[in-house]
Amino acid sequence: MVLEIFVAPEGCPSCGKAETIVERIAKDYPDVTVRRIHIMDAADRVAAYGVFSTPFIVMDGAVEFVGVPREADLRARITSRRPASQTPSDRP
């Protein structure tokens, strides 16, 4: 699975919070590839998704969260999108 977090230019405190959550969770899901994408470097993709607030999280090409997700919600969404045979390596 590819998880992309789209962030804004400097001064977006919500972006930092979301990045911290994603980084913390990603350690438990070695099969999830995390990509940080600056919205100014991907304006065409941002427009195609139709999301004009940051942060937002895309999983395998689908917008899953706009804003800062709760850690439990992000874990649940990752788990629901994975094959049943895959489980996190270490769940808190």
# chains A, B, ... in the order shown; residues from 1 in each chain; ligands from 1
$ residues_around --residues "stretch 52-55 of chain A" --least-positions-apart "6" --cutoff "6 Å" --atoms "only C-alpha atoms" --output "PyMOL selection string"
chain A and resi 6-7+15+67
$ write_last_selection --atoms "N, CA and C atoms" --output "mmCIF file, in the first residue's frame"
data_model
loop_
_atom_site.group_PDB
_atom_site.id
_atom_site.type_symbol
_atom_site.label_atom_id
_atom_site.label_comp_id
_atom_site.auth_asym_id
_atom_site.auth_seq_id
_atom_site.Cartn_x
_atom_site.Cartn_y
_atom_site.Cartn_z
ATOM 1 N N PHE A 6 -0.187 14.756 1.869
ATOM 2 C CA PHE A 6 -0.014 16.013 1.156
ATOM 3 C C PHE A 6 0.034 17.134 2.187
ATOM 4 N N VAL A 7 1.108 17.920 2.138
ATOM 5 C CA VAL A 7 1.317 18.985 3.111
ATOM 6 C C VAL A 7 1.502 20.331 2.411
ATOM 7 N N CYS A 15 -0.259 20.113 9.486
ATOM 8 C CA CYS A 15 0.546 19.213 8.651
ATOM 9 C C CYS A 15 1.579 18.482 9.494
ATOM 10 N N GLY A 67 -7.443 16.734 6.753
ATOM 11 C CA GLY A 67 -7.181 17.208 8.102
ATOM 12 C C GLY A 67 -6.329 16.192 8.848
#
$ select_by_dssp --residues "chain A" --states "alpha helix (DSSP H)" --output "compact mmCIF listing (two decimals) with C-alpha atoms, in the first residue's frame"
# COMPACT_ATOMS: atom_id res chain seq x y z
CA PRO A 13 0.82 23.22 12.20
CA SER A 14 -1.80 20.63 11.29
CA CYS A 15 0.55 19.21 8.65
CA GLY A 16 3.23 18.60 11.27
CA LYS A 17 0.74 16.88 13.56
CA ALA A 18 -0.48 14.61 10.76
CA GLU A 19 3.08 13.79 9.69
CA THR A 20 3.97 12.81 13.26
CA ILE A 21 1.00 10.44 13.45
CA VAL A 22 1.78 8.90 10.05
CA GLU A 23 5.46 8.42 10.93
CA ARG A 24 4.60 6.82 14.27
CA ILE A 25 2.11 4.41 12.73
CA ALA A 26 4.16 3.55 9.64
CA ALA A 43 -0.50 21.00 -7.95
CA ASP A 44 -1.98 18.92 -10.77
CA ARG A 45 -2.62 15.98 -8.43
CA VAL A 46 -4.07 18.25 -5.74
CA ALA A 47 -6.48 19.71 -8.31
CA ALA A 48 -7.40 16.24 -9.57
CA TYR A 49 -8.25 15.12 -6.03
CA GLU A 71 -4.34 7.66 15.20
CA ALA A 72 -6.96 4.97 15.83
CA ASP A 73 -8.88 5.99 12.70
CA LEU A 74 -5.76 5.90 10.53
CA ARG A 75 -4.80 2.47 11.89
CA ALA A 76 -8.33 1.19 11.24
CA ARG A 77 -8.31 2.51 7.68
CA ILE A 78 -4.91 0.93 6.93
CA THR A 79 -6.09 -2.37 8.38
CA SER A 80 -9.35 -2.31 6.43
$ residues_around --residues "A:Asp31" --least-positions-apart "2" --cutoff "8 Å" --atoms "only C-alpha atoms" --output "PDB file with C-alpha atoms, in the first residue's frame"
ATOM      1  CA  MET A   1       0.000   0.000   0.000  1.00  0.00           C
ATOM      2  CA  TYR A  29       3.160  -1.518   8.915  1.00  0.00           C
ATOM      3  CA  THR A  33       5.178   2.967   1.739  1.00  0.00           C
TER       4      THR A  33
END
$ atom_distance --atom1 "atom CA of A:Pro9" --atom2 "atom CA of A:Phe56"
13.4 Å
$ closest_residue --among "A:Lys27, A:Gly61, A:Val66, A:Glu10" --to "A:Met40" --atoms "only C-alpha atoms"
A:Glu10
$ select_by_dssp --residues "stretch 6-86 of chain A" --states "strand (DSSP E)" --output "PDB file with C-alpha atoms, in the first residue's frame"
ATOM      1  CA  PHE A   6      -0.014  16.013   1.156  1.00  0.00           C
ATOM      2  CA  VAL A   7       1.317  18.985   3.111  1.00  0.00           C
ATOM      3  CA  THR A  33       5.178   2.967   1.739  1.00  0.00           C
ATOM      4  CA  VAL A  34       4.835   6.528   3.008  1.00  0.00           C
ATOM      5  CA  ARG A  35       5.404   9.480   0.717  1.00  0.00           C
ATOM      6  CA  ARG A  36       5.373  13.105   1.853  1.00  0.00           C
ATOM      7  CA  ILE A  37       4.175  15.358  -0.947  1.00  0.00           C
ATOM      8  CA  HIS A  38       4.387  19.116  -0.880  1.00  0.00           C
ATOM      9  CA  PHE A  56      -4.771  15.294   3.369  1.00  0.00           C
ATOM     10  CA  ILE A  57      -3.961  11.620   3.121  1.00  0.00           C
ATOM     11  CA  VAL A  58      -4.281   9.443   0.041  1.00  0.00           C
ATOM     12  CA  MET A  59      -4.063   5.637   0.165  1.00  0.00           C
ATOM     13  CA  ALA A  62      -7.954   7.406  -2.971  1.00  0.00           C
ATOM     14  CA  VAL A  63      -8.391  10.351  -0.599  1.00  0.00           C
ATOM     15  CA  GLU A  64      -8.980   8.857   2.834  1.00  0.00           C
ATOM     16  CA  PHE A  65      -8.538  11.782   5.246  1.00  0.00           C
ATOM     17  CA  VAL A  66      -8.689  15.561   5.045  1.00  0.00           C
TER      18      VAL A  66
END
$ closest_residue --among "A:Val51, A:Val2, A:Arg82, A:Arg70" --to "A:Ile39" --atoms "only C-alpha atoms"
A:Val51
